[in-house]
file run39.cif (mmCIF, C-alpha atoms)
data_structure
loop_
_atom_site.label_atom_id
_atom_site.label_comp_id
_atom_site.auth_asym_id
_atom_site.auth_seq_id
_atom_site.Cartn_x
_atom_site.Cartn_y
_atom_site.Cartn_z
CA MET A 28 24.06 20.31 6.66
CA VAL A 29 27.01 18.24 7.87
CA TYR A 30 25.99 18.93 11.46
CA ALA A 31 22.45 17.70 10.78
CA GLN A 32 23.65 14.62 8.94
CA ASN A 33 26.13 13.68 11.67
CA THR A 34 23.44 14.13 14.31
CA ASP A 35 21.18 11.72 12.46
CA ASN A 36 23.84 9.24 11.41
CA THR A 37 24.81 8.74 15.03
CA CYS A 38 21.28 7.72 16.08
CA PRO A 39 21.15 4.17 14.66
CA PRO A 40 24.06 2.40 16.38
CA PHE A 41 23.52 3.66 19.91
CA VAL A 42 19.72 3.54 20.02
CA PHE A 43 18.79 0.26 18.34
CA GLY A 44 22.04 -1.20 17.08
CA ASN A 45 21.82 -1.07 13.32
CA HIS A 46 18.02 -1.14 13.34
CA TYR A 47 16.82 2.41 13.13
CA TYR A 48 15.44 4.42 10.27
CA LYS A 49 17.41 7.30 8.85
CA HIS A 50 15.54 10.58 8.84
CA LEU A 51 17.58 12.78 6.55
CA HIS A 52 20.12 11.89 3.88
CA ILE A 53 20.00 14.60 1.25
CA GLN A 54 17.01 16.31 2.83
CA GLU A 55 19.45 18.35 4.92
CA ALA A 56 19.53 21.12 2.33
CA ILE A 57 15.83 21.86 2.81
CA ILE A 58 15.89 22.54 6.53
CA THR A 59 19.28 24.31 6.35
CA GLY A 60 18.31 26.64 3.52
CA MET A 61 14.89 27.32 4.99
CA ASP A 62 16.30 28.16 8.42
CA ALA A 63 18.69 30.65 6.82
CA ALA A 64 15.77 32.51 5.23
CA VAL A 65 13.08 32.62 7.93
CA GLU A 66 13.01 33.67 11.57
CA HIS A 67 12.40 31.60 14.68
CA SER A 68 9.41 33.86 15.24
CA ASP A 69 7.90 32.10 12.22
CA SER A 70 6.06 28.91 13.18
CA LEU A 71 7.22 25.54 11.93
CA ILE A 72 5.46 22.18 12.06
CA THR A 73 6.46 19.00 10.28
CA SER A 74 6.11 15.23 10.05
CA TYR A 75 8.12 12.57 11.88
CA ARG A 76 11.34 13.46 10.05
CA CYS A 77 12.03 16.13 12.62
CA HIS A 78 15.48 15.65 14.17
CA ALA A 79 17.15 18.34 12.05
CA HIS A 80 14.23 20.72 12.54
CA GLN A 81 14.71 20.48 16.30
CA ILE A 82 18.41 21.27 15.92
CA SER A 83 17.76 24.10 13.47
CA ARG A 84 15.44 25.75 15.99
CA GLY A 85 18.21 26.00 18.57
CA ASP A 86 18.17 22.73 20.46
CA THR A 87 21.19 20.48 21.03
CA PRO A 88 22.01 16.97 19.79
CA ALA A 89 22.26 15.90 23.43
CA ASN A 90 18.61 16.80 24.01
CA VAL A 91 17.58 15.03 20.81
CA TYR A 92 19.44 11.86 21.81
CA ALA A 93 18.05 12.07 25.33
CA GLU A 94 14.56 12.13 23.86
CA LEU A 95 15.30 9.03 21.80
CA LEU A 96 16.48 7.26 24.96
CA GLY A 97 13.51 8.30 27.10
CA ARG A 98 15.55 10.57 29.36
CA GLN A 99 14.08 13.41 31.40
CA THR A 100 16.41 15.90 29.71
CA GLY A 101 14.95 15.07 26.30
CA CYS A 102 13.38 17.88 24.31
CA SER A 103 9.92 16.41 25.01
CA LYS A 104 10.89 15.22 28.51
CA GLY A 105 11.51 11.72 27.18
CA LYS A 106 7.84 11.16 26.35
CA GLY A 107 7.77 11.88 22.64
CA GLY A 108 10.60 9.90 21.15
CA SER A 109 11.84 10.23 17.61
CA MET A 110 8.60 11.42 16.04
CA HIS A 111 7.54 14.05 18.57
CA MET A 112 10.29 16.61 19.05
CA TYR A 113 9.09 20.02 20.24
CA ARG A 114 10.49 23.45 21.07
CA SER A 115 7.76 25.98 21.73
CA LYS A 116 10.08 28.86 22.61
CA SER A 117 11.41 28.71 19.05
CA ASN A 118 7.93 28.19 17.58
CA PHE A 119 8.63 24.61 16.54
CA PHE A 120 5.47 22.59 17.07
CA GLY A 121 6.72 19.14 16.32
CA GLY A 122 7.22 16.23 14.83
CA ASN A 123 3.90 14.50 14.24
CA GLY A 124 3.50 10.75 13.76
CA ILE A 125 0.19 10.64 11.87
CA VAL A 126 0.69 11.10 8.14
CA GLY A 127 -0.52 14.54 7.06
CA ALA A 128 -2.11 15.41 10.41
CA GLN A 129 0.22 18.36 10.96
CA VAL A 130 -0.92 20.19 7.81
CA PRO A 131 -4.19 21.63 9.20
CA LEU A 132 -2.36 22.43 12.44
CA GLY A 133 0.01 24.49 10.31
CA ALA A 134 -2.97 26.39 8.91
CA GLY A 135 -3.99 27.09 12.51
CA LEU A 136 -0.53 28.46 13.23
CA GLY A 137 -0.95 30.75 10.23
CA PHE A 138 -4.29 31.89 11.66
CA SER A 139 -2.51 32.67 14.95
CA HIS A 140 0.06 34.88 13.21
CA LYS A 141 -2.69 36.74 11.35
CA TYR A 142 -4.80 37.18 14.48
CA LYS A 143 -1.83 38.51 16.47
CA GLU A 144 -0.62 40.66 13.56
CA ASP A 145 2.95 39.75 14.51
CA GLY A 146 4.34 39.56 10.94
CA GLY A 147 5.15 35.88 11.19
CA ILE A 148 4.32 33.10 8.77
CA ALA A 149 3.60 29.42 9.35
CA ILE A 150 5.47 26.66 7.55
CA SER A 151 3.52 23.41 7.39
CA MET A 152 5.68 20.58 6.04
CA TYR A 153 4.68 17.14 4.79
CA GLY A 154 6.06 14.44 2.53
CA ASP A 155 5.01 13.26 -0.91
CA GLY A 156 3.37 10.27 0.77
CA ALA A 157 0.96 12.64 2.55
CA ALA A 158 0.27 14.80 -0.50
CA ASN A 159 -2.97 12.97 -1.36
CA GLN A 160 -4.44 13.32 2.13
CA GLY A 161 -7.80 15.09 2.13
CA GLN A 162 -6.86 17.21 5.10
CA VAL A 163 -4.14 18.91 3.02
CA PHE A 164 -6.82 20.29 0.70
CA GLU A 165 -9.22 21.12 3.52
CA ALA A 166 -6.47 23.14 5.19
CA ALA A 167 -5.62 24.82 1.88
CA ASN A 168 -9.24 25.83 1.39
CA MET A 169 -9.39 27.50 4.79
CA ALA A 170 -6.03 29.18 4.28
CA ALA A 171 -7.16 30.64 0.96
CA LEU A 172 -10.57 31.65 2.29
CA TRP A 173 -9.14 33.41 5.33
CA LYS A 174 -5.97 34.69 3.60
CA LEU A 175 -3.61 33.01 6.04
CA PRO A 176 0.18 33.52 5.85
CA VAL A 177 1.07 29.85 5.57
CA ALA A 178 3.39 27.88 3.29
CA PHE A 179 2.33 24.29 2.61
CA VAL A 180 5.70 22.66 1.94
CA CYS A 181 5.93 19.21 0.37
CA GLU A 182 9.33 17.54 0.86
CA ASN A 183 9.16 15.27 -2.16
CA ASN A 184 11.75 12.53 -1.72
CA GLN A 185 10.24 10.58 -4.64
CA TYR A 186 9.20 7.39 -2.84
CA GLY A 187 7.09 8.13 0.23
CA MET A 188 7.15 4.95 2.34
CA GLY A 189 8.16 2.90 -0.69
CA THR A 190 5.86 3.85 -3.56
CA SER A 191 7.12 6.09 -6.33
CA VAL A 192 5.21 9.33 -6.92
CA GLU A 193 4.29 8.15 -10.43
CA ARG A 194 2.40 5.21 -8.94
CA HIS A 195 0.44 7.09 -6.28
CA ALA A 196 -0.21 10.58 -7.69
CA PHE A 197 -2.06 11.42 -10.92
CA ASN A 198 -0.35 14.81 -10.77
CA SER A 199 3.10 14.50 -9.21
CA ASP A 200 3.87 18.21 -9.64
CA PHE A 201 2.85 18.82 -6.06
CA TYR A 202 3.48 22.55 -6.15
CA THR A 203 0.67 22.92 -8.73
CA ARG A 204 -1.96 21.15 -6.66
CA GLY A 205 -3.15 24.14 -4.68
CA HIS A 206 -5.52 25.04 -7.54
CA TYR A 207 -6.57 28.50 -6.33
CA ILE A 208 -3.32 28.84 -4.36
CA PRO A 209 -0.14 29.52 -6.36
CA GLY A 210 2.85 27.24 -6.03
CA ILE A 211 6.62 27.27 -6.37
CA TRP A 212 9.08 24.44 -7.14
CA ILE A 213 12.47 24.43 -5.43
CA ASP A 214 15.47 22.17 -5.96
CA GLY A 215 15.62 20.63 -2.49
CA MET A 216 19.14 19.38 -3.08
CA ASP A 217 20.56 22.88 -3.50
CA VAL A 218 20.80 24.69 -0.17
CA LEU A 219 21.29 28.07 -1.84
CA ALA A 220 18.21 27.59 -4.02
CA VAL A 221 16.20 26.67 -0.93
CA LYS A 222 17.39 29.78 0.90
CA LYS A 223 16.48 32.01 -2.02
CA GLY A 224 13.13 30.31 -2.44
CA PHE A 225 12.13 30.76 1.19
CA GLU A 226 13.20 34.40 1.17
CA TYR A 227 10.60 34.88 -1.56
CA ILE A 228 8.02 32.72 0.26
CA LYS A 229 8.40 34.72 3.48
CA LYS A 230 7.82 37.97 1.58
CA TYR A 231 4.94 36.57 -0.47
CA CYS A 232 2.96 35.19 2.48
CA ASN A 233 3.17 38.51 4.32
CA GLU A 234 2.05 40.77 1.47
CA GLY A 235 -1.34 42.45 1.77
CA GLU A 236 -3.71 40.79 4.19
CA GLY A 237 -1.61 37.62 4.09
CA ARG A 238 -1.81 34.75 1.64
CA PRO A 239 -0.90 31.06 1.41
CA ILE A 240 1.40 29.31 -1.04
CA PHE A 241 2.16 25.74 -2.03
CA VAL A 242 5.84 24.72 -2.15
CA GLU A 243 7.49 21.58 -3.48
CA CYS A 244 11.08 20.92 -2.45
CA GLN A 245 12.19 18.02 -4.61
CA THR A 246 14.77 15.85 -2.90
CA TYR A 247 15.72 12.18 -2.50
CA ARG A 248 16.39 9.68 0.25
CA TYR A 249 19.19 7.13 0.00
CA HIS A 250 17.99 4.67 2.60
CA GLY A 251 14.76 2.81 3.18
CA HIS A 252 11.83 4.43 4.92
CA SER A 253 12.26 2.34 8.08
CA MET A 254 14.22 -0.56 9.51
CA SER A 255 11.94 -2.99 7.65
CA ASP A 256 12.64 -1.35 4.30
CA PRO A 257 15.91 -2.27 2.51
CA GLY A 258 15.30 0.64 0.14
CA ILE A 259 16.04 -1.24 -3.07
CA SER A 260 12.91 -3.33 -3.58
CA TYR A 261 11.24 -0.51 -5.53
CA ARG A 262 14.31 1.04 -7.15
CA THR A 263 17.78 -0.07 -8.22
CA ARG A 264 21.08 0.30 -6.42
CA GLU A 265 22.36 2.03 -9.53
CA GLU A 266 19.70 4.74 -9.21
CA VAL A 267 20.64 5.45 -5.61
CA GLN A 268 24.34 5.51 -6.40
CA SER A 269 23.74 7.84 -9.34
CA VAL A 270 22.07 10.38 -7.05
CA ARG A 271 24.83 10.03 -4.45
CA LYS A 272 27.46 10.63 -7.09
CA GLY A 273 25.92 13.53 -8.97
CA ARG A 274 23.41 15.30 -6.77
CA ASP A 275 24.43 14.97 -3.12
CA CYS A 276 23.70 18.30 -1.45
CA ILE A 277 26.69 18.24 0.89
CA GLU A 278 29.22 17.11 -1.70
CA ASN A 279 28.00 19.70 -4.20
CA MET A 280 28.27 22.47 -1.60
CA ARG A 281 31.71 21.26 -0.55
CA ASN A 282 32.87 21.37 -4.17
CA LEU A 283 31.39 24.84 -4.65
CA ILE A 284 33.16 26.19 -1.57
CA ILE A 285 36.49 24.78 -2.73
CA ASP A 286 36.04 25.85 -6.37
CA GLN A 287 35.20 29.40 -5.31
CA GLU A 288 38.17 29.37 -2.90
CA TRP A 289 35.96 30.29 0.04
CA ALA A 290 37.80 27.70 2.13
CA GLU A 291 40.54 25.11 1.77
CA PRO A 292 39.77 21.36 1.88
CA ASP A 293 41.70 21.04 5.14
CA GLU A 294 39.56 23.74 6.74
CA LEU A 295 36.38 21.86 5.84
CA LYS A 296 37.83 18.63 7.19
CA ALA A 297 38.68 20.39 10.45
CA ILE A 298 35.09 21.65 10.77
CA GLU A 299 33.74 18.13 10.19
CA LYS A 300 36.15 16.73 12.78
CA GLU A 301 34.93 19.24 15.38
CA ILE A 302 31.33 18.35 14.56
CA ARG A 303 32.02 14.65 15.14
CA LYS A 304 33.65 15.43 18.48
CA GLU A 305 30.62 17.47 19.55
CA ILE A 306 28.24 14.69 18.49
CA ASP A 307 30.25 12.06 20.41
CA ALA A 308 30.10 14.24 23.52
CA ALA A 309 26.34 14.66 23.05
CA VAL A 310 25.86 10.88 22.96
CA LYS A 311 27.72 10.50 26.26
CA GLU A 312 25.68 13.28 27.85
CA ALA A 313 22.39 11.72 26.74
CA LYS A 314 23.35 8.26 27.96
CA ALA A 315 24.30 9.65 31.36
CA ALA A 316 21.01 11.53 31.79
CA THR A 317 18.32 10.28 34.18
CA GLU A 318 15.68 7.98 32.76
CA LEU A 319 12.08 9.09 32.88
CA SER A 320 10.46 7.63 35.98
CA GLY A 321 7.06 5.95 35.85
CA ASP A 322 5.37 8.53 38.04
CA LYS A 323 6.18 11.22 35.47
CA LEU A 324 4.23 9.56 32.68
CA THR A 325 0.91 11.13 33.64
CA GLU A 326 2.31 14.63 33.99
CA ASP A 327 1.44 17.21 31.31
CA ILE A 328 -1.83 15.43 30.51
CA TYR A 329 -4.13 17.18 32.96
CA LYS A 330 -4.22 20.90 33.62
CA GLY A 331 -4.69 21.88 37.25
CA GLU A 332 -5.63 19.16 39.71
CA TYR A 333 -5.29 15.48 38.84
CA PRO A 334 -8.42 13.31 38.87
CA PRO A 335 -8.70 11.20 42.05
CA PHE A 336 -7.85 7.98 40.22
CA ILE A 337 -5.79 7.23 37.09
CA ARG A 338 -5.96 3.66 35.85
CA MET A 339 -2.73 2.31 34.41
CA ILE A 340 -2.34 -0.68 32.07
CA ASP A 341 -1.51 -2.82 35.08
CA GLU A 342 -4.28 -2.01 37.52
CA LYS A 343 -1.96 -2.70 40.43
CA THR A 344 0.12 0.33 39.44
CA SER A 345 -2.88 2.64 39.11
CA ILE A 346 -2.46 6.03 40.78
CA GLN A 347 -4.69 7.18 43.62
CA TYR A 348 -4.59 10.86 44.61
#
call {"tool": "encode", "arguments": {"input": "run39.cif", "output": "C-alpha cells"}}
result
Amino acid sequence: MVYAQNTDNTCPPFVFGNHYYKHLHIQEAIITGMDAAVEHSDSLITSYRCHAHQISRGDTPANVYAELLGRQTGCSKGKGGSMHMYRSKSNFFGGNGIVGAQVPLGAGLGFSHKYKEDGGIAISMYGDGAANQGQVFEAANMAALWKLPVAFVCENNQYGMGTSVERHAFNSDFYTRGHYIPGIWIDGMDVLAVKKGFEYIKKYCNEGEGRPIFVECQTYRYHGHSMSDPGISYRTREEVQSVRKGRDCIENMRNLIIDQEWAEPDELKAIEKEIRKEIDAAVKEAKAATELSGDKLTEDIYKGEYPPFIRMIDEKTSIQY
C-alpha cells in the first residue's frame, strides 16, 4: 500500500507541477488486498484510477511515469497516458477513460475464461459515479444469463466526481443492486478484509458452471476528483480529517503490525525509505527515456498493411505510403 501511494504521490509535482489529480489515497487497500487473493491469470479491467493496478500486475513505476510523460518506454508506449495503462501479459486490460465503459468489457473477459475453461475469473471495477450507468445492468444481465465468472466491483469512495452517493443513488447499497445476482460488502479501508473477501469471491465465481457476483468495496478519497476540484466544496475539512485520523488504511495497518509485534517501527521506516529511493530512481529513468516520435502515432491502429494515405490534423504532415 505504501508503495502504491508513493508511486501516485510522486506523479503531481513532476508531471504538471502541483496540478494533477490524485488517483488513490485510501483506495490502496482495495487493489493490494485483491491482488493478494487472486492470480494474474484472472483478468482485471478498471476505470481511469489505474496506476496502482498497473503496478500490482507486475509493472514498474518507471514504466508508469514514462507513460505519463509520453515516452516510448511507457506501459502503453506513451500513447495512453494516465487513464489507459495496460499489461496484457498479466491480464490487465486497462484503464478506461469513459465512465462505466469497462464494465461490459469485463463481462466479455468473463465469457473468455468460461469459453477457454481455464479456471480464471474476470474482475470488472468501476466507481460509485458509474454505478447508475445502464451498461452496468446490461452487462450484469448477460453475466447472469450465461453464468459468467465475473465480479462486478464498485469502488465506492462516497463522492464520485463530487456528488455524494445519497444525492445520486436511490439505493446507495451498491452491492445489493444486482437483483438476481448476489452481492457482498467489503470494508475497502481494511486490506485484510479485502483479501479475505476476494478469496471468497474467487471461489464463488468458479463454482459450478460459473456465476457472477456484485461487490462493493467502501472506501474514501481525501483529495478532489481532479485538478479543478478542491475537494471541500461538497464536504467539510473536518470530515476529511476525521477519516484521515481514524480510518486511514495504511496507518491502521502500521499500527496493527506494531501492536502485534510483527515488526518494529524502525523496520517499517526503513522499508518506506527504500520505497522512496526506488520511486526517485524511477522518476529519473522515466525522464531520461526517449519521447514518442510523431511517426509512431499511427502504429498499432491498423493490422497488416497501412492504407496508402493517412490524413493528419495538419494536412501538410499527412503520411503517404
call {"tool": "residues_around", "arguments": {"input": "run39.cif", "residues": "stretch 155-163 of chain A", "least_positions_apart": "4", "cutoff": "10 Å", "atoms": "only C-alpha atoms", "output": "ChimeraX atom specification"}}
result
/A:74,125-131,134,151,167-168,179-192,195-199,201,204-205,243-245
call {"tool": "closest_residue", "arguments": {"input": "run39.cif", "among": "A:Leu219, A:Ile240, A:Val267, A:Ile58", "to": "A:His206", "atoms": "all atoms listed in the file"}}
result
A:Ile240
call {"tool": "closest_residue", "arguments": {"input": "run39.cif", "among": "A:Cys77, A:Leu172, A:Ala64, A:Ala220", "to": "A:Gly124", "atoms": "only C-alpha atoms"}}
result
A:Cys77
call {"tool": "resolve_selection", "arguments": {"input": "run39.cif", "expression": "the PyMOL selection byres ((chain A and resi 308-317) around 12)", "output": "number ranges by chain"}}
result
A: 33-42, 86-102, 104-105, 301-307, 318-320
call {"tool": "closest_residue", "arguments": {"input": "run39.cif", "among": "A:Leu71, A:Ile148, A:Ile213, A:Met339", "to": "A:Met112", "atoms": "only C-alpha atoms"}}
result
A:Leu71
call {"tool": "decode", "arguments": {"input": "run39.cif", "residues": "stretch 268-298 of chain A", "atoms": "N, CA, C and O atoms", "output": "PDB file, in the first residue's frame"}}
result
ATOM      1  N   GLN A 268     -10.548  15.184   7.573  1.00  0.00           N
ATOM      2  CA  GLN A 268      -9.560  14.968   8.615  1.00  0.00           C
ATOM      3  C   GLN A 268      -9.971  13.839   9.557  1.00  0.00           C
ATOM      4  O   GLN A 268      -9.125  13.099  10.065  1.00  0.00           O
ATOM      5  N   SER A 269     -11.275  13.719   9.789  1.00  0.00           N
ATOM      6  CA  SER A 269     -11.769  12.643  10.657  1.00  0.00           C
ATOM      7  C   SER A 269     -11.453  11.274  10.066  1.00  0.00           C
ATOM      8  O   SER A 269     -11.037  10.350  10.782  1.00  0.00           O
ATOM      9  N   VAL A 270     -11.627  11.142   8.738  1.00  0.00           N
ATOM     10  CA  VAL A 270     -11.305   9.874   8.084  1.00  0.00           C
ATOM     11  C   VAL A 270      -9.803   9.623   8.126  1.00  0.00           C
ATOM     12  O   VAL A 270      -9.355   8.509   8.419  1.00  0.00           O
ATOM     13  N   ARG A 271      -9.021  10.648   7.837  1.00  0.00           N
ATOM     14  CA  ARG A 271      -7.557  10.509   7.890  1.00  0.00           C
ATOM     15  C   ARG A 271      -7.100  10.020   9.261  1.00  0.00           C
ATOM     16  O   ARG A 271      -6.233   9.149   9.380  1.00  0.00           O
ATOM     17  N   LYS A 272      -7.705  10.579  10.290  1.00  0.00           N
ATOM     18  CA  LYS A 272      -7.274  10.282  11.651  1.00  0.00           C
ATOM     19  C   LYS A 272      -7.697   8.898  12.116  1.00  0.00           C
ATOM     20  O   LYS A 272      -6.928   8.202  12.790  1.00  0.00           O
ATOM     21  N   GLY A 273      -8.917   8.484  11.764  1.00  0.00           N
ATOM     22  CA  GLY A 273      -9.440   7.253  12.339  1.00  0.00           C
ATOM     23  C   GLY A 273      -9.512   6.048  11.426  1.00  0.00           C
ATOM     24  O   GLY A 273      -9.606   4.914  11.909  1.00  0.00           O
ATOM     25  N   ARG A 274      -9.439   6.271  10.098  1.00  0.00           N
ATOM     26  CA  ARG A 274      -9.733   5.143   9.211  1.00  0.00           C
ATOM     27  C   ARG A 274      -8.687   4.939   8.119  1.00  0.00           C
ATOM     28  O   ARG A 274      -8.903   4.117   7.223  1.00  0.00           O
ATOM     29  N   ASP A 275      -7.600   5.649   8.155  1.00  0.00           N
ATOM     30  CA  ASP A 275      -6.590   5.528   7.101  1.00  0.00           C
ATOM     31  C   ASP A 275      -6.062   4.098   7.021  1.00  0.00           C
ATOM     32  O   ASP A 275      -5.614   3.518   8.019  1.00  0.00           O
ATOM     33  N   CYS A 276      -6.111   3.523   5.825  1.00  0.00           N
ATOM     34  CA  CYS A 276      -5.777   2.102   5.678  1.00  0.00           C
ATOM     35  C   CYS A 276      -4.318   1.807   5.982  1.00  0.00           C
ATOM     36  O   CYS A 276      -3.990   0.755   6.547  1.00  0.00           O
ATOM     37  N   ILE A 277      -3.434   2.717   5.630  1.00  0.00           N
ATOM     38  CA  ILE A 277      -2.004   2.478   5.865  1.00  0.00           C
ATOM     39  C   ILE A 277      -1.669   2.661   7.337  1.00  0.00           C
ATOM     40  O   ILE A 277      -0.957   1.841   7.931  1.00  0.00           O
ATOM     41  N   GLU A 278      -2.181   3.726   7.938  1.00  0.00           N
ATOM     42  CA  GLU A 278      -1.904   3.958   9.357  1.00  0.00           C
ATOM     43  C   GLU A 278      -2.469   2.841  10.217  1.00  0.00           C
ATOM     44  O   GLU A 278      -1.823   2.389  11.179  1.00  0.00           O
ATOM     45  N   ASN A 279      -3.661   2.381   9.906  1.00  0.00           N
ATOM     46  CA  ASN A 279      -4.259   1.290  10.681  1.00  0.00           C
ATOM     47  C   ASN A 279      -3.451   0.007  10.557  1.00  0.00           C
ATOM     48  O   ASN A 279      -3.278  -0.731  11.537  1.00  0.00           O
ATOM     49  N   MET A 280      -2.945  -0.281   9.343  1.00  0.00           N
ATOM     50  CA  MET A 280      -2.125  -1.473   9.167  1.00  0.00           C
ATOM     51  C   MET A 280      -0.782  -1.321   9.875  1.00  0.00           C
ATOM     52  O   MET A 280      -0.286  -2.266  10.490  1.00  0.00           O
ATOM     53  N   ARG A 281      -0.217  -0.118   9.797  1.00  0.00           N
ATOM     54  CA  ARG A 281       1.049   0.120  10.505  1.00  0.00           C
ATOM     55  C   ARG A 281       0.875  -0.113  11.998  1.00  0.00           C
ATOM     56  O   ARG A 281       1.711  -0.769  12.643  1.00  0.00           O
ATOM     57  N   ASN A 282      -0.203   0.407  12.561  1.00  0.00           N
ATOM     58  CA  ASN A 282      -0.461   0.228  13.999  1.00  0.00           C
ATOM     59  C   ASN A 282      -0.674  -1.243  14.350  1.00  0.00           C
ATOM     60  O   ASN A 282      -0.213  -1.709  15.397  1.00  0.00           O
ATOM     61  N   LEU A 283      -1.378  -1.968  13.469  1.00  0.00           N
ATOM     62  CA  LEU A 283      -1.610  -3.389  13.723  1.00  0.00           C
ATOM     63  C   LEU A 283      -0.292  -4.165  13.728  1.00  0.00           C
ATOM     64  O   LEU A 283      -0.063  -5.014  14.603  1.00  0.00           O
ATOM     65  N   ILE A 284       0.563  -3.880  12.771  1.00  0.00           N
ATOM     66  CA  ILE A 284       1.848  -4.575  12.682  1.00  0.00           C
ATOM     67  C   ILE A 284       2.682  -4.331  13.936  1.00  0.00           C
ATOM     68  O   ILE A 284       3.276  -5.261  14.501  1.00  0.00           O
ATOM     69  N   ILE A 285       2.682  -3.082  14.389  1.00  0.00           N
ATOM     70  CA  ILE A 285       3.470  -2.749  15.593  1.00  0.00           C
ATOM     71  C   ILE A 285       2.839  -3.349  16.840  1.00  0.00           C
ATOM     72  O   ILE A 285       3.534  -3.927  17.689  1.00  0.00           O
ATOM     73  N   ASP A 286       1.506  -3.249  16.955  1.00  0.00           N
ATOM     74  CA  ASP A 286       0.816  -3.791  18.137  1.00  0.00           C
ATOM     75  C   ASP A 286       1.000  -5.297  18.262  1.00  0.00           C
ATOM     76  O   ASP A 286       1.124  -5.830  19.373  1.00  0.00           O
ATOM     77  N   GLN A 287       1.007  -5.988  17.123  1.00  0.00           N
ATOM     78  CA  GLN A 287       1.168  -7.438  17.128  1.00  0.00           C
ATOM     79  C   GLN A 287       2.639  -7.864  17.184  1.00  0.00           C
ATOM     80  O   GLN A 287       2.941  -9.053  17.179  1.00  0.00           O
ATOM     81  N   GLU A 288       3.522  -6.863  17.179  1.00  0.00           N
ATOM     82  CA  GLU A 288       4.976  -7.094  17.247  1.00  0.00           C
ATOM     83  C   GLU A 288       5.477  -7.928  16.064  1.00  0.00           C
ATOM     84  O   GLU A 288       6.380  -8.741  16.191  1.00  0.00           O
ATOM     85  N   TRP A 289       4.861  -7.688  14.907  1.00  0.00           N
ATOM     86  CA  TRP A 289       5.330  -8.337  13.683  1.00  0.00           C
ATOM     87  C   TRP A 289       6.558  -7.626  13.124  1.00  0.00           C
ATOM     88  O   TRP A 289       7.321  -8.202  12.356  1.00  0.00           O
ATOM     89  N   ALA A 290       6.712  -6.365  13.492  1.00  0.00           N
ATOM     90  CA  ALA A 290       7.878  -5.582  13.070  1.00  0.00           C
ATOM     91  C   ALA A 290       8.017  -4.389  14.011  1.00  0.00           C
ATOM     92  O   ALA A 290       7.049  -3.970  14.659  1.00  0.00           O
ATOM     93  N   GLU A 291       9.226  -3.848  14.079  1.00  0.00           N
ATOM     94  CA  GLU A 291       9.488  -2.663  14.880  1.00  0.00           C
ATOM     95  C   GLU A 291       9.244  -1.409  14.041  1.00  0.00           C
ATOM     96  O   GLU A 291       9.372  -1.443  12.816  1.00  0.00           O
ATOM     97  N   PRO A 292       8.904  -0.299  14.684  1.00  0.00           N
ATOM     98  CA  PRO A 292       8.689   0.953  13.939  1.00  0.00           C
ATOM     99  C   PRO A 292       9.863   1.325  13.036  1.00  0.00           C
ATOM    100  O   PRO A 292       9.665   1.792  11.909  1.00  0.00           O
ATOM    101  N   ASP A 293      11.078   1.107  13.519  1.00  0.00           N
ATOM    102  CA  ASP A 293      12.258   1.444  12.717  1.00  0.00           C
ATOM    103  C   ASP A 293      12.352   0.592  11.456  1.00  0.00           C
ATOM    104  O   ASP A 293      12.830   1.055  10.412  1.00  0.00           O
ATOM    105  N   GLU A 294      11.906  -0.654  11.559  1.00  0.00           N
ATOM    106  CA  GLU A 294      11.914  -1.526  10.376  1.00  0.00           C
ATOM    107  C   GLU A 294      10.952  -1.013   9.316  1.00  0.00           C
ATOM    108  O   GLU A 294      11.257  -1.017   8.119  1.00  0.00           O
ATOM    109  N   LEU A 295       9.781  -0.559   9.747  1.00  0.00           N
ATOM    110  CA  LEU A 295       8.805  -0.027   8.802  1.00  0.00           C
ATOM    111  C   LEU A 295       9.314   1.265   8.166  1.00  0.00           C
ATOM    112  O   LEU A 295       9.125   1.492   6.965  1.00  0.00           O
ATOM    113  N   LYS A 296       9.957   2.101   8.967  1.00  0.00           N
ATOM    114  CA  LYS A 296      10.521   3.335   8.425  1.00  0.00           C
ATOM    115  C   LYS A 296      11.600   3.036   7.384  1.00  0.00           C
ATOM    116  O   LYS A 296      11.706   3.731   6.370  1.00  0.00           O
ATOM    117  N   ALA A 297      12.393   2.005   7.640  1.00  0.00           N
ATOM    118  CA  ALA A 297      13.440   1.623   6.693  1.00  0.00           C
ATOM    119  C   ALA A 297      12.833   1.152   5.370  1.00  0.00           C
ATOM    120  O   ALA A 297      13.354   1.467   4.290  1.00  0.00           O
ATOM    121  N   ILE A 298      11.748   0.392   5.457  1.00  0.00           N
ATOM    122  CA  ILE A 298      11.064  -0.067   4.237  1.00  0.00           C
ATOM    123  C   ILE A 298      10.555   1.133   3.439  1.00  0.00           C
ATOM    124  O   ILE A 298      10.723   1.205   2.216  1.00  0.00           O
TER     125      ILE A 298
END
